[in-house]
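> One structure coming up, written as structure tokens, with questions to follow.
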Amino acid sequence: MPRPNLPPTGPAPTARTSRRATRSLAHGRRRSRRKKVLFGVAGVATGLLVAGVAFAGVMAARVAGNIAGNSVARPGDTDGPEIPDWNGAVNLLIMGSDVRAGQTSANYGDEGGARSDVMMLLHVSSDHSNATLVSIPRDTMLPTPECTTPAGDTIEARESVQINGVLNDGPYCSLDTIRDFTGLDVDHFIIVDFDGVIGVTDAIGGVEICLAEDVDDPDSGLTLAAGEHTIQGAQALAFLRTRHGIGDGSDLGRIATQQTYLSALARKVKDAGTLTNPVALFGLADAASRSITVDDGLAGPDALVGLAGTLANIDLANIALVQLPVQDYWADPNRVEPIQDQVEALFAALAADEALTFATDDTEDPEDPEAGSGDEAAADDTPAAEGPTADAPAADAPAPTQSATATPKPKATLPPGTKGQDAATKSCAGAS
């Protein structure tokens, strides 16, 4: 039976009660919208967080995958790799290989074997307040210890070998040679090939360099006018490889060009905050890891990121790029050999974790060109680079507590004539 139409019961709604009901309804709707907005913001934030974690995980996995196939174990080693924790001092051998096989960036000819035409020793002090990059000329003649090749063959100790050719016996032969030569605990290495240089410069968007003169070098393929340029990719590789187009055409002149590039690279990476930006850092690590070979201790996903962290808080003025002091080799003027006293002073300073600076005209004593007399010289007028300062820790002393705000020790002045620059200094390649 249909329900009858009954008149409404209770008091009739007034204008006041209608407005109250309307306000209450509107308030409820606003509160509901606020909840939806808050839930939406929380959802987006959570999504971004999850996406960021997933991205970092994917990048770490990709870097690890890139490196894993290119890591090298020491021949005959049964103890497993030595994993770096990056606390304390860091000593790392960096080699640029001229191997042609497998390179996709260009045709560089058919030279066989592998040579480390670029070889640098990176030392980071125990408190990570300063760093030194020592360039070792490819023609340097050094004694080599007994070593084992990747094929398991034993290479007897040799009295004098051109250092760049040792890589052909395996990277651990190069590593052991540099460890014996420097007296430093050099346990890890990175080998960068031609494609690796191109990938890194592309990843950071190029490097700004300066040329003191026009360059037209058909051997490297570099053609640039004097002045400032931003180079990347194959052009950056050509700049690093050029020898006949700049300066005196020697390998020592090429080291000066490479130091110009490396200081510019350090400034670019530092200014961009790459070393403290996880996304940018993983991108750089991804690019680098595709074309490098490392010892198996560096094959972990966070190894390169951890290494970058040791450099992240170092002021560019406290990064010294030094050419190993050398002279003509006694048996062949086309080769070089270390200047013994200067080399010993250099590596003693590194063992003592001293920051290095270069002698200037006002630090030279005209009566004694080997002495330093500036504010950075030792109190007894003996140049600090002649050995560890009196208050410097011994090489085997416990590492000080690492701190991002560590105060660098007074700098040791290198002997006059030592070639190089700090990373903060902008220089032009080919300048006399």
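As shown in the structure tokens, the chain order sets the letters A, B, ...; within each chain, residues go from 1, and ligands are also counted from 1 in the order they appear.
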For A:Ile94, find every residue with an atom within 9 Å (counting only C-alpha atoms), except residues of its own chain fewer than 3 positions away, and show them as a PyMOL selection string.
chain A and resi 118-122+188-192
> Please produce a file of the residues just selected, as a compact mmCIF listing (two decimals), in the first residue's frame, where the atoms kept are all heavy atoms.

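And here's part-v2.txt as it stands now:
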# COMPACT_ATOMS: atom_id res chain seq x y z
N VAL A 118 99.47 6.36 -20.16
CA VAL A 118 99.16 7.29 -19.07
C VAL A 118 99.21 6.49 -17.78
O VAL A 118 98.56 5.45 -17.66
CB VAL A 118 97.77 7.94 -19.23
CG1 VAL A 118 97.45 8.81 -18.02
CG2 VAL A 118 97.70 8.75 -20.52
N MET A 119 100.01 6.94 -16.82
CA MET A 119 100.09 6.26 -15.53
C MET A 119 100.17 7.33 -14.44
O MET A 119 101.04 8.21 -14.48
CB MET A 119 101.32 5.34 -15.47
CG MET A 119 101.50 4.65 -14.13
SD MET A 119 102.89 3.49 -14.10
CE MET A 119 102.14 2.07 -14.89
N MET A 120 99.25 7.23 -13.48
CA MET A 120 99.20 8.21 -12.40
C MET A 120 98.96 7.50 -11.07
O MET A 120 98.18 6.55 -11.00
CB MET A 120 98.08 9.23 -12.65
CG MET A 120 98.30 10.09 -13.88
SD MET A 120 96.90 11.19 -14.23
CE MET A 120 95.72 10.00 -14.86
N LEU A 121 99.63 7.99 -10.05
CA LEU A 121 99.41 7.49 -8.69
C LEU A 121 98.60 8.53 -7.92
O LEU A 121 99.04 9.68 -7.79
CB LEU A 121 100.74 7.25 -7.99
CG LEU A 121 100.63 6.89 -6.51
CD1 LEU A 121 100.01 5.51 -6.33
CD2 LEU A 121 101.99 6.95 -5.82
N LEU A 122 97.43 8.14 -7.45
CA LEU A 122 96.60 9.02 -6.63
C LEU A 122 96.85 8.70 -5.16
O LEU A 122 96.70 7.54 -4.74
CB LEU A 122 95.12 8.83 -6.95
CG LEU A 122 94.14 9.56 -6.01
CD1 LEU A 122 94.26 11.07 -6.15
CD2 LEU A 122 92.70 9.11 -6.27
N HIS A 188 95.25 -1.10 -5.12
CA HIS A 188 94.15 -1.13 -6.09
C HIS A 188 94.53 -0.36 -7.36
O HIS A 188 95.35 0.55 -7.33
CB HIS A 188 92.88 -0.55 -5.47
CG HIS A 188 92.45 -1.26 -4.23
ND1 HIS A 188 91.82 -2.48 -4.25
CD2 HIS A 188 92.58 -0.92 -2.92
CE1 HIS A 188 91.57 -2.86 -3.01
NE2 HIS A 188 92.02 -1.95 -2.18
N PHE A 189 93.89 -0.73 -8.45
CA PHE A 189 94.15 -0.05 -9.71
C PHE A 189 92.87 0.12 -10.51
O PHE A 189 91.89 -0.62 -10.34
CB PHE A 189 95.19 -0.82 -10.56
CG PHE A 189 94.75 -2.20 -10.99
CD1 PHE A 189 93.91 -2.38 -12.08
CD2 PHE A 189 95.20 -3.33 -10.31
CE1 PHE A 189 93.50 -3.65 -12.48
CE2 PHE A 189 94.81 -4.60 -10.71
CZ PHE A 189 93.96 -4.76 -11.79
N ILE A 190 92.89 1.12 -11.38
CA ILE A 190 91.84 1.36 -12.36
C ILE A 190 92.51 1.57 -13.71
O ILE A 190 93.47 2.35 -13.81
CB ILE A 190 90.99 2.60 -12.01
CG1 ILE A 190 90.20 2.38 -10.72
CG2 ILE A 190 90.03 2.95 -13.15
CD1 ILE A 190 89.41 3.61 -10.27
N ILE A 191 92.04 0.86 -14.72
CA ILE A 191 92.54 1.04 -16.08
C ILE A 191 91.42 1.63 -16.92
O ILE A 191 90.32 1.08 -16.98
CB ILE A 191 93.00 -0.29 -16.70
CG1 ILE A 191 94.07 -0.95 -15.82
CG2 ILE A 191 93.55 -0.07 -18.11
CD1 ILE A 191 94.45 -2.35 -16.29
N VAL A 192 91.68 2.75 -17.55
CA VAL A 192 90.69 3.44 -18.38
C VAL A 192 91.12 3.30 -19.84
O VAL A 192 92.27 3.56 -20.18
CB VAL A 192 90.58 4.93 -18.01
CG1 VAL A 192 89.47 5.61 -18.80
CG2 VAL A 192 90.35 5.10 -16.51
> Excluding A:Asp271 and residues on its chain fewer than 6 positions from it, collect all residues at most 12 Å away from it, counting only C-alpha atoms, and give them as a PyMOL selection string.
chain A and resi 204+207+264-265+277+312+315-316+424
> Since we have the selection now, will you write its residues out, keeping all heavy atoms, as an mmCIF file, in the first residue's frame?

data_model
loop_
_atom_site.group_PDB
_atom_site.id
_atom_site.type_symbol
_atom_site.label_atom_id
_atom_site.label_comp_id
_atom_site.auth_asym_id
_atom_site.auth_seq_id
_atom_site.Cartn_x
_atom_site.Cartn_y
_atom_site.Cartn_z
ATOM 1 N N ILE A 204 79.595 14.369 -18.029
ATOM 2 C CA ILE A 204 79.614 15.627 -17.271
ATOM 3 C C ILE A 204 79.382 16.840 -18.166
ATOM 4 O O ILE A 204 79.460 17.978 -17.702
ATOM 5 C CB ILE A 204 80.935 15.795 -16.492
ATOM 6 C CG1 ILE A 204 82.123 15.910 -17.447
ATOM 7 C CG2 ILE A 204 81.137 14.664 -15.508
ATOM 8 C CD1 ILE A 204 83.407 16.273 -16.743
ATOM 9 N N VAL A 207 84.395 19.586 -20.759
ATOM 10 C CA VAL A 207 85.379 20.225 -19.886
ATOM 11 C C VAL A 207 85.918 21.462 -20.596
ATOM 12 O O VAL A 207 86.222 21.413 -21.792
ATOM 13 C CB VAL A 207 86.533 19.252 -19.561
ATOM 14 C CG1 VAL A 207 87.628 19.952 -18.774
ATOM 15 C CG2 VAL A 207 86.013 18.053 -18.788
ATOM 16 N N ALA A 264 91.011 21.114 -14.966
ATOM 17 C CA ALA A 264 89.729 21.618 -15.471
ATOM 18 C C ALA A 264 88.607 20.643 -15.172
ATOM 19 O O ALA A 264 87.484 21.032 -14.819
ATOM 20 C CB ALA A 264 89.829 21.886 -16.975
ATOM 21 N N LEU A 265 88.886 19.345 -15.300
ATOM 22 C CA LEU A 265 87.899 18.318 -14.983
ATOM 23 C C LEU A 265 87.522 18.378 -13.507
ATOM 24 O O LEU A 265 86.338 18.293 -13.148
ATOM 25 C CB LEU A 265 88.461 16.944 -15.338
ATOM 26 C CG LEU A 265 87.613 15.727 -14.970
ATOM 27 C CD1 LEU A 265 86.312 15.724 -15.765
ATOM 28 C CD2 LEU A 265 88.387 14.437 -15.226
ATOM 29 N N ASN A 277 76.263 14.638 -5.061
ATOM 30 C CA ASN A 277 74.921 14.459 -5.609
ATOM 31 C C ASN A 277 74.767 13.005 -6.037
ATOM 32 O O ASN A 277 75.366 12.587 -7.026
ATOM 33 C CB ASN A 277 74.724 15.394 -6.812
ATOM 34 C CG ASN A 277 73.340 15.275 -7.422
ATOM 35 O OD1 ASN A 277 72.727 14.210 -7.417
ATOM 36 N ND2 ASN A 277 72.843 16.367 -7.966
ATOM 37 N N ALA A 312 85.529 14.248 -1.998
ATOM 38 C CA ALA A 312 84.415 15.189 -2.095
ATOM 39 C C ALA A 312 84.648 16.488 -1.339
ATOM 40 O O ALA A 312 84.217 17.553 -1.777
ATOM 41 C CB ALA A 312 83.132 14.520 -1.603
ATOM 42 N N ASP A 315 89.525 20.742 -0.776
ATOM 43 C CA ASP A 315 89.612 21.993 -1.516
ATOM 44 C C ASP A 315 90.515 21.794 -2.729
ATOM 45 O O ASP A 315 91.546 21.113 -2.654
ATOM 46 C CB ASP A 315 90.185 23.094 -0.613
ATOM 47 C CG ASP A 315 90.080 24.464 -1.248
ATOM 48 O OD1 ASP A 315 90.940 24.784 -2.106
ATOM 49 O OD2 ASP A 315 89.157 25.224 -0.906
ATOM 50 N N LEU A 316 90.143 22.378 -3.862
ATOM 51 C CA LEU A 316 90.917 22.196 -5.096
ATOM 52 C C LEU A 316 92.355 22.666 -4.940
ATOM 53 O O LEU A 316 93.265 22.116 -5.568
ATOM 54 C CB LEU A 316 90.243 22.933 -6.253
ATOM 55 C CG LEU A 316 88.898 22.355 -6.720
ATOM 56 C CD1 LEU A 316 88.284 23.254 -7.790
ATOM 57 C CD2 LEU A 316 89.067 20.941 -7.254
ATOM 58 N N ALA A 424 93.204 23.990 -8.468
ATOM 59 C CA ALA A 424 92.468 25.255 -8.474
ATOM 60 C C ALA A 424 93.007 26.220 -9.531
ATOM 61 O O ALA A 424 92.338 27.183 -9.906
ATOM 62 C CB ALA A 424 92.536 25.916 -7.097
#
> Which residue, A:Ser116, A:Ser125, A:Ser220, A:Ser160, has the smallest gap to A:Ala89 when you use only C-alpha atoms?
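Closest to A:Ala89 of all the choices is A:Ser125.
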> Give me the residues within 12 Å of A:Ile83 as a PyMOL selection string, counting only C-alpha atoms and dropping any in the same chain fewer than 6 places off.
chain A and resi 187-188+295-304+306-307
> Run DSSP on the backbone and grab whatever in stretch 83-290 of chain A lands in alpha helix (DSSP H); send it over as number ranges by chain.
A: 171-182, 194-203, 233-241, 251-271, 278-289
> Using only C-alpha atoms, which of the listed residues (A:Ser291, A:Thr223, A:Ala266, A:Gln258) sits closest to A:Ser97?
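Checking each of A:Ser291, A:Thr223, A:Ala266, A:Gln258 against A:Ser97, counting only C-alpha atoms, the winner is A:Ser291.
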> Show me, as a ChimeraX atom specification, the residues that have an atom within 12 Å of A:Asn91 when counting only C-alpha atoms, minus same-chain residues fewer than 2 positions from it.
/A:84,86-89,93-94,120-126,128,131-134,175,178-179,182-190,307,310,347,350-351,353
> Extract, using only C-alpha atoms, all DNA, RNA and protein residues at most 7 Å from A:Asn70, discarding same-chain residues fewer than 3 positions from it, and format them as a PyMOL selection string.
chain A and resi 67+292-294
> Keeping only N, CA and C atoms, take the residues you just selected and write them out as an mmCIF file, in the first residue's frame.

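The resulting again.cif:
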data_model
loop_
_atom_site.group_PDB
_atom_site.id
_atom_site.type_symbol
_atom_site.label_atom_id
_atom_site.label_comp_id
_atom_site.auth_asym_id
_atom_site.auth_seq_id
_atom_site.Cartn_x
_atom_site.Cartn_y
_atom_site.Cartn_z
ATOM 1 N N ILE A 67 80.980 -3.271 -13.961
ATOM 2 C CA ILE A 67 82.328 -3.508 -13.458
ATOM 3 C C ILE A 67 82.636 -4.992 -13.339
ATOM 4 N N ILE A 292 86.105 0.633 -17.959
ATOM 5 C CA ILE A 292 87.272 0.535 -17.101
ATOM 6 C C ILE A 292 87.489 -0.907 -16.687
ATOM 7 N N THR A 293 88.729 -1.199 -16.334
ATOM 8 C CA THR A 293 89.091 -2.476 -15.736
ATOM 9 C C THR A 293 89.638 -2.193 -14.352
ATOM 10 N N VAL A 294 89.222 -2.968 -13.355
ATOM 11 C CA VAL A 294 89.651 -2.735 -11.980
ATOM 12 C C VAL A 294 90.111 -4.052 -11.357
#
> Find the distance between atom CA of A:Val161 and atom CA of A:Gln259 and write it in Å to one decimal.
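According to the coordinates, atom CA of A:Val161 and atom CA of A:Gln259 are separated by 24.9 Å.
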> Name the closest residue to A:Lys268 among the candidates A:Asp332, A:Asp251, A:Glu228, A:Glu208; distances are taken between atoms, counting only C-alpha atoms.
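With only C-alpha atoms as the atom set, the closest residue is A:Glu208.
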> Quick check, in Å to one decimal: how far apart do atom CA of A:Leu211 and atom CA of A:Gly249 lie?
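Computing the Euclidean distance for atom CA of A:Leu211 and atom CA of A:Gly249 yields 14.9 Å.
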> What parts of stretch 125-339 of chain A does DSSP call strand (DSSP E or B)? I'd like the answer as a count of residues only.
60
> Tell me, in Å to one decimal, how far atom CA of A:Tyr172 is from atom CA of A:Arg74.
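According to the coordinates, atom CA of A:Tyr172 and atom CA of A:Arg74 are separated by 6.6 Å.
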> Env of A:Phe239: 9 Å cut, atoms = only C-alpha atoms, seq-sep filter 3 positions within chain, self excluded. Answer as a PyMOL selection string.
chain A and resi 220-222+231+234-236+242-243+257-258+261
> Kindly indicate which residue among A:Arg254, A:Arg158, A:His229, A:Arg62 lies nearest to A:Gly283, using only C-alpha atoms for the distances.
A:Arg62
> Write out as a ChimeraX atom specification the residues lying within 8 Å of A:Val343, counting only C-alpha atoms and excluding same-chain residues fewer than 4 positions away.
/A:324-325,338-339,347
> Restrict the selected residues to C-alpha atoms and save them as a tab-separated table (two decimals), in the first residue's frame.

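What follows is the written file again.tsv:
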chain	number	residue	atom	x	y	z
A	324	LEU	CA	107.50	12.64	-11.38
A	325	PRO	CA	110.95	14.32	-11.33
A	338	PRO	CA	113.86	9.19	-11.72
A	339	ILE	CA	115.91	11.93	-10.05
A	347	PHE	CA	107.17	9.94	-1.67
> Out of A:Gly273, A:Pro415, A:Gly420, A:Gly309, which residue has the shortest atom-to-atom distance to A:Asp85 when counting only C-alpha atoms?
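Between A:Gly273, A:Pro415, A:Gly420, A:Gly309, the residue approaching A:Asp85 most closely is A:Gly309.
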